[in-house]
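Source file: work.pdb. Holds: PDB, C-alpha atoms, pLDDT in the B column.
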ATOM      1  CA  MET A   1      83.475 111.448  66.605  1.00 73.00           C
ATOM      2  CA  ALA A   2      84.081 109.224  69.638  1.00 84.00           C
ATOM      3  CA  ASP A   3      87.411 107.616  70.380  1.00 93.00           C
ATOM      4  CA  ILE A   4      86.707 105.647  73.520  1.00 95.00           C
ATOM      5  CA  ARG A   5      90.286 104.412  73.815  1.00 96.00           C
ATOM      6  CA  GLU A   6      91.617 107.941  74.017  1.00 97.00           C
ATOM      7  CA  ASP A   7      88.820 108.961  76.370  1.00 97.00           C
ATOM      8  CA  ILE A   8      89.655 106.080  78.725  1.00 97.00           C
ATOM      9  CA  LEU A   9      93.361 106.880  78.715  1.00 98.00           C
ATOM     10  CA  ALA A  10      92.796 110.575  79.313  1.00 97.00           C
ATOM     11  CA  ARG A  11      90.382 109.827  82.138  1.00 98.00           C
ATOM     12  CA  LEU A  12      92.833 107.366  83.649  1.00 97.00           C
ATOM     13  CA  VAL A  13      95.561 110.002  83.741  1.00 98.00           C
ATOM     14  CA  ALA A  14      93.152 112.462  85.341  1.00 98.00           C
ATOM     15  CA  LEU A  15      92.204 109.902  87.987  1.00 97.00           C
ATOM     16  CA  VAL A  16      95.803 108.989  88.813  1.00 98.00           C
ATOM     17  CA  THR A  17      96.465 112.678  89.383  1.00 98.00           C
ATOM     18  CA  THR A  18      93.953 112.585  92.242  1.00 98.00           C
ATOM     19  CA  VAL A  19      95.614 109.699  94.111  1.00 98.00           C
ATOM     20  CA  PRO A  20      96.481 111.180  97.522  1.00 97.00           C
ATOM     21  CA  ASN A  21     100.100 112.337  97.960  1.00 96.00           C
ATOM     22  CA  MET A  22     101.049 111.701  94.326  1.00 97.00           C
ATOM     23  CA  ARG A  23     103.561 114.339  93.213  1.00 97.00           C
ATOM     24  CA  THR A  24     104.001 113.681  89.504  1.00 96.00           C
ATOM     25  CA  VAL A  25     101.789 112.068  86.885  1.00 97.00           C
ATOM     26  CA  ARG A  26     102.783 111.716  83.260  1.00 96.00           C
ATOM     27  CA  ARG A  27     101.606 109.793  80.230  1.00 96.00           C
ATOM     28  CA  ASN A  28     103.922 107.808  77.965  1.00 95.00           C
ATOM     29  CA  ASP A  29     107.023 109.384  79.470  1.00 92.00           C
ATOM     30  CA  THR A  30     109.625 106.779  80.382  1.00 87.00           C
ATOM     31  CA  ASP A  31     112.311 108.995  81.922  1.00 89.00           C
ATOM     32  CA  TYR A  32     112.112 109.754  85.638  1.00 89.00           C
ATOM     33  CA  PHE A  33     114.373 110.940  88.423  1.00 89.00           C
ATOM     34  CA  SER A  34     114.272 110.898  92.191  1.00 88.00           C
ATOM     35  CA  ALA A  35     112.915 114.392  92.752  1.00 90.00           C
ATOM     36  CA  LEU A  36     109.688 113.535  90.900  1.00 93.00           C
ATOM     37  CA  MET A  37     108.690 110.790  93.313  1.00 94.00           C
ATOM     38  CA  PRO A  38     106.187 109.685  94.343  1.00 96.00           C
ATOM     39  CA  ALA A  39     105.311 109.509  90.694  1.00 96.00           C
ATOM     40  CA  ALA A  40     102.958 107.616  88.452  1.00 96.00           C
ATOM     41  CA  PHE A  41     102.980 107.180  84.752  1.00 95.00           C
ATOM     42  CA  VAL A  42     100.388 105.793  82.432  1.00 96.00           C
ATOM     43  CA  LEU A  43     101.526 103.972  79.321  1.00 95.00           C
ATOM     44  CA  ASP A  44      98.884 103.537  76.634  1.00 95.00           C
ATOM     45  CA  GLY A  45      99.453  99.787  76.434  1.00 92.00           C
ATOM     46  CA  ASP A  46      98.164  97.162  74.038  1.00 94.00           C
ATOM     47  CA  GLU A  47      94.725  96.559  72.648  1.00 95.00           C
ATOM     48  CA  ASP A  48      93.166  93.417  71.173  1.00 93.00           C
ATOM     49  CA  VAL A  49      89.853  92.532  69.658  1.00 91.00           C
ATOM     50  CA  VAL A  50      87.897  90.162  71.855  1.00 88.00           C
ATOM     51  CA  ALA A  51      87.896  86.662  70.367  1.00 77.00           C
ATOM     52  CA  GLY A  52      84.822  85.998  68.285  1.00 75.00           C
ATOM     53  CA  ASN A  53      84.492  89.630  67.249  1.00 68.00           C
ATOM     54  CA  ASP A  54      87.047  89.643  64.469  1.00 60.00           C
ATOM     55  CA  GLY A  55      85.834  87.388  61.681  1.00 62.00           C
ATOM     56  CA  SER A  56      82.675  88.785  60.205  1.00 66.00           C
ATOM     57  CA  ARG A  57      81.719  91.447  57.747  1.00 71.00           C
ATOM     58  CA  PRO A  58      81.039  94.259  57.159  1.00 82.00           C
ATOM     59  CA  SER A  59      84.442  95.614  58.105  1.00 81.00           C
ATOM     60  CA  ASN A  60      82.914  98.567  59.917  1.00 84.00           C
ATOM     61  CA  ARG A  61      80.836  96.386  62.214  1.00 84.00           C
ATOM     62  CA  PRO A  62      80.917  97.220  65.916  1.00 86.00           C
ATOM     63  CA  MET A  63      83.296  95.033  67.874  1.00 88.00           C
ATOM     64  CA  LEU A  64      84.385  94.539  71.447  1.00 92.00           C
ATOM     65  CA  VAL A  65      88.022  95.281  72.217  1.00 94.00           C
ATOM     66  CA  GLU A  66      90.168  95.000  75.307  1.00 96.00           C
ATOM     67  CA  MET A  67      92.823  97.569  76.120  1.00 97.00           C
ATOM     68  CA  ALA A  68      95.461  97.114  78.802  1.00 97.00           C
ATOM     69  CA  PRO A  69      97.098 100.404  79.792  1.00 96.00           C
ATOM     70  CA  GLU A  70     100.047 100.161  82.172  1.00 94.00           C
ATOM     71  CA  ILE A  71     100.013 102.219  85.350  1.00 96.00           C
ATOM     72  CA  HIS A  72     103.339 102.386  87.147  1.00 96.00           C
ATOM     73  CA  ILE A  73     103.822 103.976  90.552  1.00 96.00           C
ATOM     74  CA  ILE A  74     107.336 104.652  91.849  1.00 96.00           C
ATOM     75  CA  GLU A  75     108.539 105.981  95.169  1.00 96.00           C
ATOM     76  CA  GLN A  76     111.528 105.962  97.506  1.00 94.00           C
ATOM     77  CA  SER A  77     110.933 105.987 101.238  1.00 93.00           C
ATOM     78  CA  ASP A  78     111.698 104.198 104.474  1.00 90.00           C
ATOM     79  CA  ALA A  79     108.345 102.437 104.298  1.00 93.00           C
ATOM     80  CA  ILE A  80     108.276 101.604 100.633  1.00 95.00           C
ATOM     81  CA  GLY A  81     106.157  98.485 100.910  1.00 95.00           C
ATOM     82  CA  SER A  82     103.228 100.016 102.735  1.00 96.00           C
ATOM     83  CA  ASP A  83     103.518 103.209 100.701  1.00 97.00           C
ATOM     84  CA  LEU A  84     103.119 101.321  97.430  1.00 97.00           C
ATOM     85  CA  THR A  85     100.275  99.282  98.847  1.00 97.00           C
ATOM     86  CA  THR A  86      98.472 102.470  99.800  1.00 97.00           C
ATOM     87  CA  PHE A  87      98.959 104.018  96.355  1.00 98.00           C
ATOM     88  CA  ARG A  88      97.691 100.827  94.706  1.00 97.00           C
ATOM     89  CA  ARG A  89      94.657 100.680  96.955  1.00 97.00           C
ATOM     90  CA  GLU A  90      93.716 104.304  96.342  1.00 98.00           C
ATOM     91  CA  LEU A  91      94.157 103.875  92.601  1.00 98.00           C
ATOM     92  CA  MET A  92      91.924 100.802  92.503  1.00 97.00           C
ATOM     93  CA  LYS A  93      89.201 102.547  94.480  1.00 97.00           C
ATOM     94  CA  LEU A  94      89.263 105.485  92.093  1.00 97.00           C
ATOM     95  CA  VAL A  95      89.186 103.370  88.941  1.00 97.00           C
ATOM     96  CA  PHE A  96      86.406 101.005  89.992  1.00 97.00           C
ATOM     97  CA  ALA A  97      84.179 103.751  91.368  1.00 97.00           C
ATOM     98  CA  ASP A  98      84.638 106.226  88.557  1.00 97.00           C
ATOM     99  CA  ALA A  99      81.368 106.936  86.784  1.00 97.00           C
ATOM    100  CA  THR A 100      83.095 108.224  83.662  1.00 97.00           C
ATOM    101  CA  LEU A 101      85.182 105.100  83.132  1.00 97.00           C
ATOM    102  CA  ASN A 102      82.229 102.857  83.794  1.00 96.00           C
ATOM    103  CA  SER A 103      80.146 104.836  81.327  1.00 96.00           C
ATOM    104  CA  LEU A 104      82.854 104.717  78.662  1.00 96.00           C
ATOM    105  CA  THR A 105      83.142 100.940  78.830  1.00 95.00           C
ATOM    106  CA  GLY A 106      79.394 100.613  78.305  1.00 90.00           C
ATOM    107  CA  SER A 107      76.840  98.026  79.303  1.00 89.00           C
ATOM    108  CA  ASN A 108      78.629  95.138  77.594  1.00 89.00           C
ATOM    109  CA  GLY A 109      82.105  96.300  78.535  1.00 92.00           C
ATOM    110  CA  ALA A 110      84.049  95.786  81.728  1.00 95.00           C
ATOM    111  CA  ILE A 111      86.785  97.089  83.979  1.00 97.00           C
ATOM    112  CA  GLN A 112      88.921  94.300  85.374  1.00 96.00           C
ATOM    113  CA  TYR A 113      91.828  94.307  87.756  1.00 96.00           C
ATOM    114  CA  LEU A 114      94.424  91.872  86.421  1.00 95.00           C
ATOM    115  CA  GLY A 115      97.036  92.113  89.173  1.00 95.00           C
ATOM    116  CA  CYS A 116     100.230  93.953  89.905  1.00 95.00           C
ATOM    117  CA  ASP A 117     103.997  93.506  89.697  1.00 94.00           C
ATOM    118  CA  SER A 118     106.534  95.057  92.008  1.00 93.00           C
ATOM    119  CA  SER A 119     110.264  95.753  91.987  1.00 93.00           C
ATOM    120  CA  PHE A 120     112.662  97.164  94.552  1.00 94.00           C
ATOM    121  CA  GLY A 121     116.170  98.571  94.855  1.00 94.00           C
ATOM    122  CA  TRP A 122     118.218 101.299  96.485  1.00 95.00           C
ATOM    123  CA  LEU A 123     118.818 104.915  95.609  1.00 94.00           C
ATOM    124  CA  GLU A 124     119.361 107.386  98.457  1.00 93.00           C
ATOM    125  CA  LYS A 125     116.513 105.555 100.166  1.00 93.00           C
ATOM    126  CA  GLN A 126     114.820 102.291  99.442  1.00 94.00           C
ATOM    127  CA  TYR A 127     113.183 102.455  96.048  1.00 94.00           C
ATOM    128  CA  GLY A 128     110.150 100.562  94.862  1.00 95.00           C
ATOM    129  CA  GLY A 129     107.772 100.445  91.963  1.00 95.00           C
ATOM    130  CA  VAL A 130     104.471  98.748  91.360  1.00 95.00           C
ATOM    131  CA  GLN A 131     102.776  98.198  88.043  1.00 95.00           C
ATOM    132  CA  VAL A 132      99.023  97.969  88.441  1.00 95.00           C
ATOM    133  CA  ARG A 133      97.340  96.186  85.580  1.00 95.00           C
ATOM    134  CA  PHE A 134      93.767  96.775  84.482  1.00 96.00           C
ATOM    135  CA  ARG A 135      91.865  95.647  81.436  1.00 97.00           C
ATOM    136  CA  PHE A 136      89.156  97.796  79.901  1.00 97.00           C
ATOM    137  CA  LYS A 137      86.695  96.122  77.572  1.00 97.00           C
ATOM    138  CA  TYR A 138      84.686  98.519  75.485  1.00 95.00           C
ATOM    139  CA  PRO A 139      82.685  98.635  72.255  1.00 92.00           C
ATOM    140  CA  LEU A 140      84.626  99.963  69.280  1.00 91.00           C
ATOM    141  CA  ILE A 141      82.210 101.354  66.750  1.00 88.00           C
ATOM    142  CA  PRO A 142      84.087 102.287  63.553  1.00 88.00           C
ATOM    143  CA  ASN A 143      81.297 104.529  62.275  1.00 88.00           C
ATOM    144  CA  ASP A 144      81.642 106.678  65.393  1.00 87.00           C
ATOM    145  CA  LEU A 145      85.369 107.266  64.992  1.00 86.00           C
TER     146      LEU A 145
ATOM    147  CA  MET S   1     159.510  90.996  96.947  1.00 62.00           C
ATOM    148  CA  SER S   2     155.885  92.046  97.018  1.00 84.00           C
ATOM    149  CA  LEU S   3     154.864  95.628  96.468  1.00 92.00           C
ATOM    150  CA  ASP S   4     153.324  97.567  99.359  1.00 93.00           C
ATOM    151  CA  TYR S   5     150.093  98.762  97.772  1.00 92.00           C
ATOM    152  CA  SER S   6     149.133 100.819 100.794  1.00 92.00           C
ATOM    153  CA  ALA S   7     152.305 102.927 100.555  1.00 93.00           C
ATOM    154  CA  LEU S   8     152.513 103.001  96.778  1.00 94.00           C
ATOM    155  CA  LEU S   9     148.862 103.307  95.809  1.00 94.00           C
ATOM    156  CA  TYR S  10     146.200 103.794  98.464  1.00 95.00           C
ATOM    157  CA  ASP S  11     147.939 106.330 100.693  1.00 95.00           C
ATOM    158  CA  PRO S  12     148.881 108.712  97.837  1.00 96.00           C
ATOM    159  CA  VAL S  13     145.419 108.402  96.302  1.00 97.00           C
ATOM    160  CA  TYR S  14     143.682 109.116  99.610  1.00 97.00           C
ATOM    161  CA  ALA S  15     146.062 112.028 100.215  1.00 97.00           C
ATOM    162  CA  ALA S  16     145.069 113.493  96.863  1.00 97.00           C
ATOM    163  CA  ILE S  17     141.314 112.883  96.627  1.00 97.00           C
ATOM    164  CA  GLY S  18     140.321 111.665 100.074  1.00 98.00           C
ATOM    165  CA  VAL S  19     138.147 113.853 102.272  1.00 98.00           C
ATOM    166  CA  SER S  20     137.801 114.127 106.018  1.00 98.00           C
ATOM    167  CA  ALA S  21     134.991 112.088 107.462  1.00 98.00           C
ATOM    168  CA  THR S  22     133.714 110.743 110.731  1.00 98.00           C
ATOM    169  CA  MET S  23     132.323 107.290 111.353  1.00 98.00           C
ATOM    170  CA  ASP S  24     130.219 107.310 114.493  1.00 97.00           C
ATOM    171  CA  GLY S  25     132.271 110.293 115.593  1.00 97.00           C
ATOM    172  CA  THR S  26     135.734 108.892 114.847  1.00 98.00           C
ATOM    173  CA  ALA S  27     137.785 110.791 112.262  1.00 98.00           C
ATOM    174  CA  ILE S  28     138.779 108.852 109.131  1.00 98.00           C
ATOM    175  CA  THR S  29     139.441 109.600 105.471  1.00 98.00           C
ATOM    176  CA  VAL S  30     137.100 108.462 102.719  1.00 98.00           C
ATOM    177  CA  ILE S  31     136.804 108.847  98.982  1.00 98.00           C
ATOM    178  CA  ASP S  32     133.367 110.007  97.939  1.00 97.00           C
ATOM    179  CA  ASP S  33     131.987 107.410  95.563  1.00 96.00           C
ATOM    180  CA  THR S  34     128.467 108.717  95.084  1.00 94.00           C
ATOM    181  CA  ARG S  35     127.378 107.581  91.653  1.00 92.00           C
ATOM    182  CA  PRO S  36     124.462 108.084  89.314  1.00 94.00           C
ATOM    183  CA  LYS S  37     122.196 105.084  89.328  1.00 94.00           C
ATOM    184  CA  VAL S  38     119.409 103.933  87.048  1.00 93.00           C
ATOM    185  CA  LEU S  39     116.711 101.509  88.117  1.00 91.00           C
ATOM    186  CA  PRO S  40     114.032  99.999  85.896  1.00 85.00           C
ATOM    187  CA  ALA S  41     110.318 100.562  86.325  1.00 85.00           C
ATOM    188  CA  GLY S  42     108.794  98.328  83.719  1.00 82.00           C
ATOM    189  CA  THR S  43     109.728  99.884  80.404  1.00 80.00           C
ATOM    190  CA  ALA S  44     110.779 103.150  82.061  1.00 85.00           C
ATOM    191  CA  ASP S  45     113.998 104.244  83.718  1.00 89.00           C
ATOM    192  CA  VAL S  46     114.270 105.976  87.073  1.00 92.00           C
ATOM    193  CA  ARG S  47     117.464 107.979  87.549  1.00 93.00           C
ATOM    194  CA  GLY S  48     118.786 108.695  90.992  1.00 93.00           C
ATOM    195  CA  THR S  49     121.847 108.659  93.166  1.00 93.00           C
ATOM    196  CA  GLY S  50     123.665 105.713  94.668  1.00 95.00           C
ATOM    197  CA  PRO S  51     125.629 107.160  97.588  1.00 97.00           C
ATOM    198  CA  GLY S  52     128.836 105.375  98.534  1.00 98.00           C
ATOM    199  CA  ALA S  53     132.314 105.894  99.948  1.00 98.00           C
ATOM    200  CA  PHE S  54     135.625 104.074  99.998  1.00 98.00           C
ATOM    201  CA  ALA S  55     137.760 103.690 103.116  1.00 98.00           C
ATOM    202  CA  ARG S  56     141.016 101.881 103.866  1.00 97.00           C
ATOM    203  CA  ILE S  57     140.791  98.851 106.101  1.00 97.00           C
ATOM    204  CA  PRO S  58     144.123  99.614 107.874  1.00 96.00           C
ATOM    205  CA  GLU S  59     142.938 103.100 108.771  1.00 97.00           C
ATOM    206  CA  LEU S  60     139.635 101.782 110.117  1.00 98.00           C
ATOM    207  CA  GLU S  61     141.411  99.181 112.204  1.00 96.00           C
ATOM    208  CA  ALA S  62     143.921 101.752 113.456  1.00 97.00           C
ATOM    209  CA  ASN S  63     140.916 103.684 114.755  1.00 97.00           C
ATOM    210  CA  GLU S  64     139.429 100.555 116.304  1.00 97.00           C
ATOM    211  CA  ILE S  65     136.521 100.534 113.878  1.00 97.00           C
ATOM    212  CA  THR S  66     135.912  96.861 113.176  1.00 95.00           C
ATOM    213  CA  ARG S  67     133.564  95.135 110.728  1.00 94.00           C
ATOM    214  CA  ASP S  68     131.028  94.662 113.454  1.00 96.00           C
ATOM    215  CA  ASP S  69     130.802  98.442 113.725  1.00 97.00           C
ATOM    216  CA  TRP S  70     130.173  99.168 110.054  1.00 97.00           C
ATOM    217  CA  GLN S  71     126.543  98.192 109.657  1.00 96.00           C
ATOM    218  CA  ASP S  72     124.264 101.177 110.427  1.00 97.00           C
ATOM    219  CA  ALA S  73     127.248 103.380 111.316  1.00 98.00           C
ATOM    220  CA  LEU S  74     126.773 107.118 110.810  1.00 98.00           C
ATOM    221  CA  LEU S  75     129.190 108.345 108.155  1.00 98.00           C
ATOM    222  CA  VAL S  76     129.588 112.092 107.711  1.00 98.00           C
ATOM    223  CA  PHE S  77     131.582 113.617 104.869  1.00 97.00           C
ATOM    224  CA  ASN S  78     131.360 116.430 102.363  1.00 96.00           C
ATOM    225  CA  GLY S  79     128.615 118.081 104.376  1.00 95.00           C
ATOM    226  CA  ARG S  80     126.232 115.141 104.246  1.00 95.00           C
ATOM    227  CA  SER S  81     125.287 112.469 106.765  1.00 96.00           C
ATOM    228  CA  TRP S  82     124.613 108.876 105.771  1.00 97.00           C
ATOM    229  CA  LEU S  83     124.000 105.492 107.325  1.00 97.00           C
ATOM    230  CA  VAL S  84     125.927 102.438 106.172  1.00 98.00           C
ATOM    231  CA  ARG S  85     123.293 100.047 104.813  1.00 97.00           C
ATOM    232  CA  SER S  86     125.752  97.552 103.355  1.00 97.00           C
ATOM    233  CA  TYR S  87     129.348  97.249 102.247  1.00 97.00           C
ATOM    234  CA  GLU S  88     131.591  95.341  99.880  1.00 96.00           C
ATOM    235  CA  MET S  89     135.217  94.400 100.372  1.00 96.00           C
ATOM    236  CA  ARG S  90     137.484  95.526  97.554  1.00 94.00           C
ATOM    237  CA  GLY S  91     140.534  93.482  98.435  1.00 89.00           C
ATOM    238  CA  SER S  92     144.100  94.257  97.476  1.00 92.00           C
ATOM    239  CA  PRO S  93     147.085  92.365  96.095  1.00 92.00           C
ATOM    240  CA  ASN S  94     148.369  92.377  99.692  1.00 93.00           C
ATOM    241  CA  GLY S  95     145.182  90.793 100.982  1.00 92.00           C
ATOM    242  CA  GLU S  96     141.739  91.898 102.001  1.00 93.00           C
ATOM    243  CA  ASP S  97     142.881  93.268 105.357  1.00 93.00           C
ATOM    244  CA  LEU S  98     145.171  95.741 103.580  1.00 94.00           C
ATOM    245  CA  GLY S  99     142.603  96.767 100.984  1.00 95.00           C
ATOM    246  CA  GLU S 100     139.563  98.962 100.844  1.00 97.00           C
ATOM    247  CA  VAL S 101     135.916  98.695 101.713  1.00 98.00           C
ATOM    248  CA  ARG S 102     133.164 100.394  99.783  1.00 98.00           C
ATOM    249  CA  PHE S 103     130.351 101.532 102.017  1.00 98.00           C
ATOM    250  CA  LEU S 104     126.881 101.544 100.447  1.00 98.00           C
ATOM    251  CA  LEU S 105     124.933 104.346 102.063  1.00 97.00           C
ATOM    252  CA  LYS S 106     121.401 105.517 102.637  1.00 96.00           C
ATOM    253  CA  ALA S 107     119.922 108.808 103.686  1.00 93.00           C
ATOM    254  CA  VAL S 108     119.784 109.223 107.455  1.00 91.00           C
ATOM    255  CA  ASP S 109     116.005 109.603 107.466  1.00 74.00           C
ATOM    256  CA  GLY S 110     115.535 106.620 105.179  1.00 52.00           C
TER     257      GLY S 110
END
Output the structure of this file as structure tokens.
Amino acid sequence: MADIREDILARLVALVTTVPNMRTVRRNDTDYFSALMPAAFVLDGDEDVVAGNDGSRPSNRPMLVEMAPEIHIIEQSDAIGSDLTTFRRELMKLVFADATLNSLTGSNGAIQYLGCDSSFGWLEKQYGGVQVRFRFKYPLIPNDL
Amino acid sequence: MSLDYSALLYDPVYAAIGVSATMDGTAITVIDDTRPKVLPAGTADVRGTGPGAFARIPELEANEITRDDWQDALLVFNGRSWLVRSYEMRGSPNGEDLGEVRFLLKAVDG
């Protein structure tokens, strides 16, 4: 049995945990409070079959799929902009260089950085969040599930 | 005849629930208005605290604390120290100068 999607998500959570100075890392939890920050959470995100891989038989044929987990990083500080930039940079370095993730996506897969979105506000200090978006393309082999 | 909202409303309220404070060392009375606050992070919610305090414009002016002094002033009350990061005028039926101001605060080290 090999569920690459789950393996990628689990590895991603493990990697985010190693981002320097990160206090809290959770998966699919959408309820946070100030004392947890700096915090990151990984949401499983959507998955689609790559175009051109979805119209042939047999139904258990191997196919390429793309998954887009969401990685959010939140923090409040007096230097929120540079803090978020640092977290994003460290996360990207970890993801791109990780041998496990690169192995999971396979020779015809890919790890792509799609961009990031940011938001800001005020709590007791200036608050900010950044959503870092990656896309993982990997072979889904139904007979291996 | 217009009602005197300072005498009829603000002064009794501040006497009942106001607390002693200092703004840059000058003694005033404020009402603690620290509130829970929720900010979005994508599809998630981040819960925290939005510190704030009300003060009466006439009392500030009586202590020679003008609007130019408010920004970045050190406000100390209820055992905590804050900096004024912004403010909003609350007005009054007798005019803005006889109303309240709500100070929006931030932690001193932030």
Name the residues in contact with Phe96 in chain A at a cut-off of 12 Å, using only C-alpha atoms, excluding same-chain residues fewer than 4 positions from it; report them as number ranges by chain.
A: 12, 15, 89-92, 100-103, 105, 110-113, 134-136
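When the PyMOL selection byres ((chain A and resi 120-130) around 6) is run on the displayed coordinates, the residues it returns are His72, Ile73, Ile74, Glu75, Gln76, Ser77, Asp117, Ser118, Ser119 and Gln131 of chain A; Gly48, Thr49, Gly50, Lys106, Ala107 and Gly110 of chain S.
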Written as a PyMOL selection string, which residues does the PyMOL selection byres ((chain S and resi 26-29) around 8) give for the file shown?
chain S and resi 14+18-25+30-31+55+59-60+63
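With all atoms listed in the file as the atoms that count, the residue of A:Thr85, A:Ser34, A:Ser59, A:Thr17 with the shortest distance to chain S is A:Ser34.
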I would like the residues chosen by the PyMOL selection byres ((chain S and resi 93) around 10) on the shown file; could you give them as a PyMOL selection string?
chain S and resi 2-6+91-92+94-96+98-99
Can you build me a table of chain S residues sitting at most 12 Å from chain A, with the closest atom pair per residue and its distance in Å to one decimal, using all atoms listed in the file, sorted by chain and residue number, as CSV?
residue,atom,partner,partner_atom,distance
S:Thr34,CA,A:Glu124,CA,9.8
S:Arg35,CA,A:Leu123,CA,9.8
S:Pro36,CA,A:Leu123,CA,9.0
S:Lys37,CA,A:Leu123,CA,7.1
S:Val38,CA,A:Leu123,CA,8.6
S:Leu39,CA,A:Gly121,CA,7.4
S:Pro40,CA,A:Ser119,CA,8.3
S:Ala41,CA,A:Gly129,CA,6.2
S:Gly42,CA,A:Gln131,CA,7.4
S:Thr43,CA,A:Thr30,CA,6.9
S:Ala44,CA,A:Thr30,CA,4.2
S:Asp45,CA,A:Asp31,CA,5.4
S:Val46,CA,A:Tyr32,CA,4.6
S:Arg47,CA,A:Phe33,CA,4.4
S:Gly48,CA,A:Ser34,CA,5.2
S:Thr49,CA,A:Leu123,CA,5.4
S:Gly50,CA,A:Leu123,CA,5.0
S:Pro51,CA,A:Glu124,CA,6.3
S:Gly52,CA,A:Glu124,CA,9.7
S:Arg80,CA,A:Glu124,CA,11.9
S:Ser81,CA,A:Glu124,CA,11.4
S:Trp82,CA,A:Glu124,CA,9.1
S:Leu83,CA,A:Glu124,CA,10.2
S:Val84,CA,A:Glu124,CA,11.3
S:Arg85,CA,A:Trp122,CA,9.8
S:Ser86,CA,A:Trp122,CA,10.9
S:Leu104,CA,A:Trp122,CA,9.5
S:Leu105,CA,A:Glu124,CA,7.3
S:Lys106,CA,A:Glu124,CA,5.0
S:Ala107,CA,A:Glu124,CA,5.4
S:Val108,CA,A:Lys125,CA,8.8
S:Asp109,CA,A:Asp78,CA,7.5
S:Gly110,CA,A:Asp78,CA,4.6
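Note that CA of Asn60 in chain A and CA of Gly106 in chain A are 18.8 Å apart.
Interatomic distance, CA of Gly81 in chain A against CA of Ala14 in chain A: 24.6 Å.
Residue nearest Arg67 in chain S, chosen from S:Tyr87, S:Ile17, S:Ala7, S:Pro12 and counting all atoms listed in the file: S:Tyr87.
Using only C-alpha atoms, the smallest distance between any of A:Asp44, A:Asp144, A:Arg88, A:Gly52 and Val16 in chain A comes from A:Arg88.
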With N, CA and C atoms as the goal, would you fill in the gaps in range 36-47 of chain S and present it as a short mmCIF file (atom, residue, chain, number, x, y, z; two decimals), in the frame of the given file?
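Writing the result to selection.cif gives the following:
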data_model
loop_
_atom_site.label_atom_id
_atom_site.label_comp_id
_atom_site.auth_asym_id
_atom_site.auth_seq_id
_atom_site.Cartn_x
_atom_site.Cartn_y
_atom_site.Cartn_z
N PRO S 36 125.81 108.13 89.90
CA PRO S 36 124.46 108.08 89.31
C PRO S 36 124.01 106.64 89.21
N LYS S 37 122.73 106.45 89.35
CA LYS S 37 122.20 105.08 89.33
C LYS S 37 120.87 105.08 88.58
N VAL S 38 120.66 104.05 87.80
CA VAL S 38 119.41 103.93 87.05
C VAL S 38 118.74 102.62 87.41
N LEU S 39 117.48 102.71 87.79
CA LEU S 39 116.71 101.51 88.12
C LEU S 39 115.53 101.39 87.15
N PRO S 40 115.15 100.17 86.83
CA PRO S 40 114.03 100.00 85.90
C PRO S 40 112.69 100.09 86.61
N ALA S 41 111.71 100.59 85.87
CA ALA S 41 110.32 100.56 86.32
C ALA S 41 109.50 100.11 85.12
N GLY S 42 109.42 98.82 84.93
CA GLY S 42 108.79 98.33 83.72
C GLY S 42 109.63 98.73 82.52
N THR S 43 109.00 99.43 81.59
CA THR S 43 109.73 99.88 80.40
C THR S 43 110.37 101.25 80.60
N ALA S 44 110.23 101.82 81.79
CA ALA S 44 110.78 103.15 82.06
C ALA S 44 112.07 103.05 82.88
N ASP S 45 112.79 104.15 82.91
CA ASP S 45 114.00 104.24 83.72
C ASP S 45 113.80 105.31 84.80
N VAL S 46 114.31 105.01 85.98
CA VAL S 46 114.27 105.98 87.07
C VAL S 46 115.71 106.30 87.44
N ARG S 47 116.09 107.56 87.26
CA ARG S 47 117.46 107.98 87.55
C ARG S 47 117.54 108.57 88.94
#
